[in-house]
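This report refers to the structure that appears directly beneath it.
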Amino acid sequence: MKLYIYDHCPFCVRARMIFGLRGVAAEQIVLPNDDEDTPIRMIGAKQLPILEKDDGTFMGESLDIVRHIDETAGKGRLKEDVRPEIQAWLDRVGAYANKLVQPRDVLAGFAEFATASAAAYFTERKEKLIGSFADNLAESSRYLAQLDADLAELENLIALPESADAAGMEDILLFPVLRNLTIVRGLKLPPKTAAYVSAVSAMCGVPLLADKAV
């Protein structure tokens with residue numbers, strides 16, 4: 001199997017997680033961010049992740065990939081329940097997290113932005129959604145203050161799975177957001193949250209981004 005991804009993409013992290021959690025092998029292929037033709041040829045849309053199955057067919061949508069691998073791996077199954085308070089936290093932080101993360105993505109040396117055209121493609125499209133990258137970078141301290149308050153709330157909700165087999169859909173949703181926030185220089189994760197992020201990273205084999213922090 002092959003999994004087509006962007007390293008910066010939280011939806012791709014979801015798909016990468018299940019392969020690591022279930023010990024299923026897949027070749028991970030990073031596409032240039034401005035490559036529209038390849039994903040459109042595969043699934044009819046410019047979006048990743050995309051799973052190329054052994055039979056040559058393609059599957060898009062991160063959670064569809066997660067559930068497919070979970071069902072076919074022959075191991076434990078993800079717990080489907082997501083606590084409402086975790087979903088509410090994700091919704092709240094999701095309203096501003098991209099303003100911290102996306103302007104840094106093009107500065108961090110990700111393979112999908114190796115060319116100037118790929119970085120420009122991403123920048124043009126995301127600035128239409130969140131505004132000027134430069135302006136958002138200049139507002140980092142304000143967003144970090146907001147994030148610190150939200151992380152303090154999350155600290156009381158964190159539930160570390162005892163093992164990869166004990167992970168659930170809640171982890172599939174939460175870890176990618178926290179992992180991608182580690183690209184922000186100056187981020188301070190509270191102790192339980194920091195331990196959670198490190199442990200789940202090790203369980204699923206998806207590295208954190210502190211070494212790329214901007």
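Residue numbering restarts at 1 for every chain of the structure tokens, chains are lettered A, B, ... in their displayed order, and ligands are numbered from 1 as they appear.
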
Long-range neighbours of Gly56 of chain A as a ChimeraX atom specification, 10 Å cut-off, only C-alpha atoms, 4 positions minimum in chain: /A:1-2,51-52

Export, as a PDB file, in the first residue's frame, the selected residues with all heavy atoms.
ATOM      1  N   MET A   1       0.844  -1.191   0.000  1.00  0.00           N
ATOM      2  CA  MET A   1       0.000   0.000   0.000  1.00  0.00           C
ATOM      3  C   MET A   1       0.882   1.245   0.000  1.00  0.00           C
ATOM      4  O   MET A   1       2.004   1.227   0.501  1.00  0.00           O
ATOM      5  CB  MET A   1      -0.907   0.014   1.237  1.00  0.00           C
ATOM      6  CG  MET A   1      -2.042  -0.983   1.182  1.00  0.00           C
ATOM      7  SD  MET A   1      -3.167  -0.862   2.599  1.00  0.00           S
ATOM      8  CE  MET A   1      -2.131  -1.556   3.875  1.00  0.00           C
ATOM      9  N   LYS A   2       0.297   2.314  -0.527  1.00  0.00           N
ATOM     10  CA  LYS A   2       0.974   3.602  -0.530  1.00  0.00           C
ATOM     11  C   LYS A   2       0.042   4.648   0.075  1.00  0.00           C
ATOM     12  O   LYS A   2      -1.162   4.633  -0.193  1.00  0.00           O
ATOM     13  CB  LYS A   2       1.363   4.014  -1.956  1.00  0.00           C
ATOM     14  CG  LYS A   2       2.358   3.078  -2.623  1.00  0.00           C
ATOM     15  CD  LYS A   2       2.656   3.532  -4.050  1.00  0.00           C
ATOM     16  CE  LYS A   2       3.633   2.588  -4.719  1.00  0.00           C
ATOM     17  NZ  LYS A   2       3.911   2.982  -6.136  1.00  0.00           N
ATOM     18  N   LEU A  51      -5.040   6.935   0.094  1.00  0.00           N
ATOM     19  CA  LEU A  51      -4.506   5.585   0.224  1.00  0.00           C
ATOM     20  C   LEU A  51      -4.619   4.874  -1.112  1.00  0.00           C
ATOM     21  O   LEU A  51      -5.702   4.808  -1.702  1.00  0.00           O
ATOM     22  CB  LEU A  51      -5.284   4.806   1.284  1.00  0.00           C
ATOM     23  CG  LEU A  51      -4.915   3.327   1.443  1.00  0.00           C
ATOM     24  CD1 LEU A  51      -3.485   3.177   1.936  1.00  0.00           C
ATOM     25  CD2 LEU A  51      -5.895   2.616   2.371  1.00  0.00           C
ATOM     26  N   GLU A  52      -3.498   4.377  -1.591  1.00  0.00           N
ATOM     27  CA  GLU A  52      -3.501   3.481  -2.747  1.00  0.00           C
ATOM     28  C   GLU A  52      -3.433   2.053  -2.221  1.00  0.00           C
ATOM     29  O   GLU A  52      -2.434   1.640  -1.632  1.00  0.00           O
ATOM     30  CB  GLU A  52      -2.335   3.761  -3.682  1.00  0.00           C
ATOM     31  CG  GLU A  52      -2.351   2.880  -4.927  1.00  0.00           C
ATOM     32  CD  GLU A  52      -1.227   3.196  -5.905  1.00  0.00           C
ATOM     33  OE1 GLU A  52      -0.471   4.167  -5.667  1.00  0.00           O
ATOM     34  OE2 GLU A  52      -1.108   2.471  -6.913  1.00  0.00           O
TER      35      GLU A  52
END

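Every protein or nucleic acid residue with an atom no more than 9 Å from Leu157 of chain A, counting only C-alpha atoms and leaving out same-chain residues fewer than 4 positions away, appears here: Glu85, Ile86 and Glu153 of chain A.
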
Please dump the current selection as an mmCIF file, in the first residue's frame; keep C-alpha atoms.
data_model
loop_
_atom_site.group_PDB
_atom_site.id
_atom_site.type_symbol
_atom_site.label_atom_id
_atom_site.label_comp_id
_atom_site.auth_asym_id
_atom_site.auth_seq_id
_atom_site.Cartn_x
_atom_site.Cartn_y
_atom_site.Cartn_z
ATOM 1 C CA GLU A 85 -15.773 18.353 26.100
ATOM 2 C CA ILE A 86 -12.859 17.244 23.894
ATOM 3 C CA GLU A 153 -8.321 23.556 30.311
#

As an exercise, work out the distance from atom CA of Val24 of chain A to atom CA of Gly60 of chain A in Å and give it to one decimal place.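 If I compute the distance from atom CA of Val24 of chain A to atom CA of Gly60 of chain A, I get 17.8 Å.
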
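The environment of Ala210 of chain A within 6 Å, counting only C-alpha atoms and disregarding residues fewer than 2 places along the same chain, consists of A:Thr182, A:Ile183, A:Leu208, A:Lys212, A:Ala213.
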
Given the selection you just returned, output its residues as a file containing N, CA, C and O atoms, formatted as a PDB file, in the first residue's frame.
ATOM      1  N   THR A 182       3.161  21.942  17.797  1.00  0.00           N
ATOM      2  CA  THR A 182       4.557  21.917  18.250  1.00  0.00           C
ATOM      3  C   THR A 182       5.496  22.610  17.269  1.00  0.00           C
ATOM      4  O   THR A 182       6.683  22.769  17.573  1.00  0.00           O
ATOM      5  N   ILE A 183       4.985  23.057  16.125  1.00  0.00           N
ATOM      6  CA  ILE A 183       5.793  23.837  15.194  1.00  0.00           C
ATOM      7  C   ILE A 183       5.941  25.288  15.663  1.00  0.00           C
ATOM      8  O   ILE A 183       6.746  26.048  15.109  1.00  0.00           O
ATOM      9  N   LEU A 208       7.029  14.572  16.246  1.00  0.00           N
ATOM     10  CA  LEU A 208       6.601  15.920  16.574  1.00  0.00           C
ATOM     11  C   LEU A 208       7.417  16.913  15.740  1.00  0.00           C
ATOM     12  O   LEU A 208       8.332  16.526  14.992  1.00  0.00           O
ATOM     13  N   LYS A 212      11.452  21.683  14.043  1.00  0.00           N
ATOM     14  CA  LYS A 212      11.175  22.613  12.941  1.00  0.00           C
ATOM     15  C   LYS A 212      10.552  23.908  13.431  1.00  0.00           C
ATOM     16  O   LYS A 212      10.140  24.751  12.622  1.00  0.00           O
ATOM     17  N   ALA A 213      10.477  24.098  14.734  1.00  0.00           N
ATOM     18  CA  ALA A 213       9.693  25.197  15.300  1.00  0.00           C
ATOM     19  C   ALA A 213      10.176  26.554  14.784  1.00  0.00           C
ATOM     20  O   ALA A 213      11.365  26.821  14.662  1.00  0.00           O
TER      21      ALA A 213
END

Find the residues around Asp135 of chain A up to 10 Å (only C-alpha atoms counted), leave out those fewer than 4 positions away in its own chain, and share them as a list of chain:residue names. A:Lys99, A:Pro103, A:Ile130, A:Gly131, A:Glu139, A:Ser140

For the residues in that selection, give me N, CA, C and O atoms as a compact mmCIF listing (two decimals), in the first residue's frame.
# COMPACT_ATOMS: atom_id res chain seq x y z
N LYS A 99 -4.02 30.02 12.34
CA LYS A 99 -3.36 31.32 12.27
C LYS A 99 -1.98 31.26 12.92
O LYS A 99 -1.10 32.06 12.58
N PRO A 103 1.12 29.87 8.77
CA PRO A 103 2.19 30.75 8.34
C PRO A 103 3.58 30.17 8.60
O PRO A 103 4.55 30.53 7.91
N ILE A 130 -7.33 32.76 6.14
CA ILE A 130 -6.93 33.25 7.46
C ILE A 130 -6.31 34.64 7.43
O ILE A 130 -6.00 35.20 8.48
N GLY A 131 -6.13 35.21 6.25
CA GLY A 131 -5.50 36.51 6.14
C GLY A 131 -3.99 36.40 5.97
O GLY A 131 -3.43 35.31 5.90
N GLU A 139 0.93 38.50 15.13
CA GLU A 139 -0.04 38.36 16.22
C GLU A 139 0.18 37.10 17.05
O GLU A 139 -0.66 36.73 17.86
N SER A 140 1.32 36.44 16.86
CA SER A 140 1.57 35.15 17.52
C SER A 140 1.41 35.22 19.03
O SER A 140 0.85 34.31 19.66

Where in segment 51-210 of chain A does DSSP assign alpha helix (DSSP H), given as a compact mmCIF listing (two decimals) with N, CA and C atoms, in the first residue's frame?
# COMPACT_ATOMS: atom_id res chain seq x y z
N SER A 62 -9.62 11.19 5.36
CA SER A 62 -8.75 10.65 6.40
C SER A 62 -9.44 9.63 7.31
N LEU A 63 -10.65 9.91 7.75
CA LEU A 63 -11.30 9.00 8.69
C LEU A 63 -11.77 7.73 8.00
N ASP A 64 -12.07 7.80 6.70
CA ASP A 64 -12.38 6.58 5.96
C ASP A 64 -11.15 5.67 5.90
N ILE A 65 -9.98 6.28 5.69
CA ILE A 65 -8.74 5.51 5.68
C ILE A 65 -8.47 4.91 7.05
N VAL A 66 -8.65 5.72 8.08
CA VAL A 66 -8.45 5.23 9.45
C VAL A 66 -9.32 4.02 9.73
N ARG A 67 -10.59 4.11 9.41
CA ARG A 67 -11.50 3.01 9.72
C ARG A 67 -11.22 1.79 8.84
N HIS A 68 -10.82 2.01 7.59
CA HIS A 68 -10.49 0.89 6.71
C HIS A 68 -9.31 0.10 7.26
N ILE A 69 -8.24 0.77 7.62
CA ILE A 69 -7.07 0.08 8.14
C ILE A 69 -7.39 -0.56 9.49
N ASP A 70 -8.14 0.13 10.31
CA ASP A 70 -8.51 -0.41 11.62
C ASP A 70 -9.31 -1.70 11.46
N GLU A 71 -10.19 -1.73 10.47
CA GLU A 71 -11.04 -2.91 10.26
C GLU A 71 -10.27 -4.08 9.66
N THR A 72 -9.27 -3.80 8.85
CA THR A 72 -8.60 -4.87 8.10
C THR A 72 -7.28 -5.31 8.72
N PRO A 84 -17.68 14.87 24.61
CA PRO A 84 -18.16 16.17 24.12
C PRO A 84 -17.25 17.32 24.50
N GLU A 85 -16.64 17.26 25.68
CA GLU A 85 -15.77 18.35 26.10
C GLU A 85 -14.48 18.41 25.28
N ILE A 86 -14.02 17.26 24.79
CA ILE A 86 -12.86 17.24 23.89
C ILE A 86 -13.25 17.80 22.54
N GLN A 87 -14.41 17.41 22.04
CA GLN A 87 -14.86 17.95 20.76
C GLN A 87 -15.06 19.46 20.84
N ALA A 88 -15.60 19.93 21.94
CA ALA A 88 -15.78 21.37 22.12
C ALA A 88 -14.43 22.08 22.14
N TRP A 89 -13.44 21.47 22.80
CA TRP A 89 -12.09 22.06 22.84
C TRP A 89 -11.51 22.13 21.43
N LEU A 90 -11.65 21.05 20.67
CA LEU A 90 -11.14 21.03 19.31
C LEU A 90 -11.81 22.09 18.44
N ASP A 91 -13.11 22.26 18.62
CA ASP A 91 -13.83 23.26 17.84
C ASP A 91 -13.35 24.67 18.19
N ARG A 92 -13.15 24.91 19.46
CA ARG A 92 -12.73 26.24 19.89
C ARG A 92 -11.31 26.56 19.41
N VAL A 93 -10.38 25.65 19.62
CA VAL A 93 -8.99 25.87 19.21
C VAL A 93 -8.88 25.87 17.69
N GLY A 94 -9.72 25.08 17.04
CA GLY A 94 -9.69 25.04 15.59
C GLY A 94 -10.04 26.36 14.94
N ALA A 97 -6.22 28.04 15.49
CA ALA A 97 -4.94 27.33 15.44
C ALA A 97 -4.22 27.51 14.11
N ASN A 98 -4.96 27.53 13.00
CA ASN A 98 -4.31 27.69 11.70
C ASN A 98 -3.58 29.02 11.57
N LYS A 99 -4.02 30.02 12.34
CA LYS A 99 -3.36 31.32 12.27
C LYS A 99 -1.98 31.26 12.92
N LEU A 100 -1.79 30.31 13.81
CA LEU A 100 -0.47 30.07 14.38
C LEU A 100 0.36 29.14 13.51
N VAL A 101 -0.28 28.10 12.98
CA VAL A 101 0.46 27.00 12.36
C VAL A 101 0.76 27.25 10.88
N GLN A 102 -0.24 27.62 10.10
CA GLN A 102 -0.05 27.66 8.65
C GLN A 102 1.00 28.67 8.17
N PRO A 103 1.12 29.87 8.77
CA PRO A 103 2.19 30.75 8.34
C PRO A 103 3.58 30.17 8.60
N ARG A 104 3.69 29.28 9.56
CA ARG A 104 4.97 28.66 9.88
C ARG A 104 5.26 27.45 8.99
N ASP A 105 4.20 26.83 8.46
CA ASP A 105 4.39 25.64 7.65
C ASP A 105 5.34 25.88 6.48
N ALA A 116 9.65 26.94 -4.62
CA ALA A 116 9.01 28.24 -4.39
C ALA A 116 7.57 28.23 -4.89
N SER A 117 7.31 27.52 -5.98
CA SER A 117 5.96 27.49 -6.52
C SER A 117 5.00 26.75 -5.59
N ALA A 118 5.48 25.71 -4.92
CA ALA A 118 4.63 24.97 -3.98
C ALA A 118 4.31 25.83 -2.77
N ALA A 119 5.31 26.55 -2.25
CA ALA A 119 5.07 27.43 -1.11
C ALA A 119 4.12 28.56 -1.48
N ALA A 120 4.29 29.12 -2.67
CA ALA A 120 3.43 30.21 -3.11
C ALA A 120 1.99 29.73 -3.30
N TYR A 121 1.83 28.52 -3.83
CA TYR A 121 0.51 27.94 -4.03
C TYR A 121 -0.22 27.83 -2.69
N PHE A 122 0.45 27.27 -1.69
CA PHE A 122 -0.14 27.11 -0.36
C PHE A 122 -0.47 28.47 0.25
N THR A 123 0.48 29.38 0.18
CA THR A 123 0.31 30.69 0.79
C THR A 123 -0.89 31.42 0.19
N GLU A 124 -1.00 31.42 -1.10
CA GLU A 124 -2.09 32.13 -1.77
C GLU A 124 -3.44 31.59 -1.32
N ARG A 125 -3.56 30.27 -1.26
CA ARG A 125 -4.85 29.67 -0.91
C ARG A 125 -5.21 29.83 0.57
N LYS A 126 -4.23 29.67 1.43
CA LYS A 126 -4.53 29.76 2.85
C LYS A 126 -4.73 31.21 3.31
N GLU A 127 -4.05 32.15 2.68
CA GLU A 127 -4.26 33.55 3.06
C GLU A 127 -5.67 34.01 2.74
N LYS A 128 -6.31 33.37 1.77
CA LYS A 128 -7.70 33.70 1.48
C LYS A 128 -8.61 33.31 2.64
N LEU A 129 -8.16 32.35 3.45
CA LEU A 129 -8.97 31.86 4.56
C LEU A 129 -8.63 32.51 5.89
N ILE A 130 -7.33 32.76 6.14
CA ILE A 130 -6.93 33.25 7.46
C ILE A 130 -6.31 34.64 7.43
N PHE A 133 -0.21 35.93 6.05
CA PHE A 133 0.68 35.15 6.91
C PHE A 133 1.52 36.07 7.78
N ALA A 134 2.03 37.13 7.19
CA ALA A 134 2.88 38.06 7.95
C ALA A 134 2.10 38.68 9.11
N ASP A 135 0.87 39.06 8.86
CA ASP A 135 0.06 39.65 9.92
C ASP A 135 -0.22 38.64 11.03
N ASN A 136 -0.49 37.41 10.63
CA ASN A 136 -0.76 36.38 11.64
C ASN A 136 0.49 36.07 12.47
N LEU A 137 1.64 36.04 11.82
CA LEU A 137 2.88 35.83 12.56
C LEU A 137 3.10 36.95 13.57
N ALA A 138 2.78 38.17 13.16
CA ALA A 138 2.95 39.32 14.06
C ALA A 138 2.02 39.24 15.26
N SER A 140 1.32 36.44 16.86
CA SER A 140 1.57 35.15 17.52
C SER A 140 1.41 35.22 19.03
N SER A 141 1.90 36.27 19.65
CA SER A 141 1.84 36.35 21.12
C SER A 141 0.39 36.38 21.60
N ARG A 142 -0.48 37.03 20.85
CA ARG A 142 -1.90 37.07 21.23
C ARG A 142 -2.53 35.69 21.10
N TYR A 143 -2.25 35.01 20.00
CA TYR A 143 -2.81 33.67 19.82
C TYR A 143 -2.23 32.69 20.83
N LEU A 144 -0.94 32.83 21.15
CA LEU A 144 -0.33 31.94 22.14
C LEU A 144 -0.94 32.15 23.52
N ALA A 145 -1.26 33.37 23.86
CA ALA A 145 -1.91 33.63 25.15
C ALA A 145 -3.27 32.94 25.21
N GLN A 146 -4.00 33.00 24.11
CA GLN A 146 -5.29 32.32 24.03
C GLN A 146 -5.10 30.80 24.12
N LEU A 147 -4.06 30.31 23.42
CA LEU A 147 -3.79 28.88 23.44
C LEU A 147 -3.38 28.41 24.83
N ASP A 148 -2.59 29.21 25.53
CA ASP A 148 -2.18 28.83 26.88
C ASP A 148 -3.40 28.61 27.78
N ALA A 149 -4.38 29.47 27.66
CA ALA A 149 -5.60 29.31 28.46
C ALA A 149 -6.35 28.04 28.06
N ASP A 150 -6.42 27.78 26.77
CA ASP A 150 -7.12 26.58 26.31
C ASP A 150 -6.36 25.31 26.68
N LEU A 151 -5.03 25.35 26.65
CA LEU A 151 -4.23 24.19 27.05
C LEU A 151 -4.39 23.91 28.54
N ALA A 152 -4.54 24.95 29.32
CA ALA A 152 -4.75 24.75 30.75
C ALA A 152 -6.06 24.00 31.00
N GLU A 153 -7.06 24.29 30.20
CA GLU A 153 -8.32 23.56 30.31
C GLU A 153 -8.16 22.11 29.86
N LEU A 154 -7.44 21.92 28.75
CA LEU A 154 -7.24 20.57 28.22
C LEU A 154 -6.48 19.69 29.21
N GLU A 155 -5.56 20.29 29.95
CA GLU A 155 -4.73 19.53 30.89
C GLU A 155 -5.59 18.68 31.83
N MET A 169 -10.69 6.93 18.73
CA MET A 169 -10.94 7.98 17.76
C MET A 169 -10.65 9.36 18.37
N GLU A 170 -10.84 9.50 19.66
CA GLU A 170 -10.51 10.76 20.31
C GLU A 170 -9.04 11.11 20.11
N ASP A 171 -8.17 10.12 20.19
CA ASP A 171 -6.74 10.35 19.97
C ASP A 171 -6.46 10.68 18.51
N ILE A 172 -7.18 10.04 17.60
CA ILE A 172 -7.02 10.30 16.16
C ILE A 172 -7.37 11.76 15.85
N LEU A 173 -8.30 12.33 16.59
CA LEU A 173 -8.70 13.72 16.36
C LEU A 173 -7.82 14.71 17.11
N LEU A 174 -7.42 14.36 18.33
CA LEU A 174 -6.72 15.30 19.19
C LEU A 174 -5.23 15.39 18.90
N PHE A 175 -4.58 14.25 18.75
CA PHE A 175 -3.12 14.27 18.58
C PHE A 175 -2.66 15.11 17.38
N PRO A 176 -3.29 15.01 16.19
CA PRO A 176 -2.79 15.81 15.07
C PRO A 176 -2.80 17.31 15.34
N VAL A 177 -3.79 17.79 16.06
CA VAL A 177 -3.86 19.22 16.38
C VAL A 177 -2.71 19.61 17.30
N LEU A 178 -2.51 18.81 18.34
CA LEU A 178 -1.42 19.11 19.29
C LEU A 178 -0.06 18.95 18.63
N ARG A 179 0.10 17.89 17.85
CA ARG A 179 1.37 17.67 17.14
C ARG A 179 1.71 18.85 16.25
N ASN A 180 0.75 19.34 15.49
CA ASN A 180 1.04 20.44 14.58
C ASN A 180 1.32 21.74 15.31
N LEU A 181 0.77 21.90 16.49
CA LEU A 181 1.06 23.09 17.27
C LEU A 181 2.50 23.10 17.78
N PRO A 191 2.29 19.72 31.73
CA PRO A 191 2.96 18.42 31.90
C PRO A 191 2.19 17.21 31.37
N LYS A 192 0.92 17.06 31.72
CA LYS A 192 0.17 15.89 31.27
C LYS A 192 -0.02 15.91 29.76
N THR A 193 -0.24 17.09 29.21
CA THR A 193 -0.43 17.21 27.77
C THR A 193 0.88 16.93 27.04
N ALA A 194 1.99 17.42 27.57
CA ALA A 194 3.29 17.14 26.97
C ALA A 194 3.59 15.64 26.99
N ALA A 195 3.28 14.98 28.11
CA ALA A 195 3.50 13.54 28.20
C ALA A 195 2.61 12.79 27.22
N TYR A 196 1.37 13.25 27.07
CA TYR A 196 0.45 12.64 26.12
C TYR A 196 0.99 12.74 24.70
N VAL A 197 1.40 13.93 24.31
CA VAL A 197 1.88 14.16 22.95
C VAL A 197 3.11 13.29 22.66
N SER A 198 4.04 13.23 23.60
CA SER A 198 5.24 12.42 23.40
C SER A 198 4.91 10.94 23.31
N ALA A 199 4.02 10.48 24.18
CA ALA A 199 3.68 9.06 24.21
C ALA A 199 2.93 8.63 22.96
N VAL A 200 1.97 9.41 22.53
CA VAL A 200 1.20 9.04 21.34
C VAL A 200 2.08 9.12 20.10
N SER A 201 2.98 10.10 20.05
CA SER A 201 3.94 10.17 18.95
C SER A 201 4.74 8.88 18.85
N ALA A 202 5.20 8.38 19.98
CA ALA A 202 5.97 7.14 19.98
C ALA A 202 5.11 5.94 19.59
N MET A 203 3.86 5.92 20.05
CA MET A 203 2.97 4.81 19.74
C MET A 203 2.67 4.70 18.25
N CYS A 204 2.48 5.85 17.61
CA CYS A 204 2.02 5.83 16.22
C CYS A 204 3.15 6.11 15.22

Can you pull out the residues contacting Gly76 of chain A? Cut-off 10 Å, using only C-alpha atoms, and skip same-chain residues under 2 positions away; I want them as a list in words.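 In the requested format, the answer is Leu21, Arg22, Asp70, Glu71, Ala73, Gly74, Leu78, Lys79, Ala164, Asp165, Ala166 and Ala167 of chain A.
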
To one decimal place in Å, what is the distance between atom CA of Ile158 of chain A and atom CA of Asp81 of chain A?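 Answer for the atom CA of Ile158 of chain A to atom CA of Asp81 of chain A separation: 14.6 Å.
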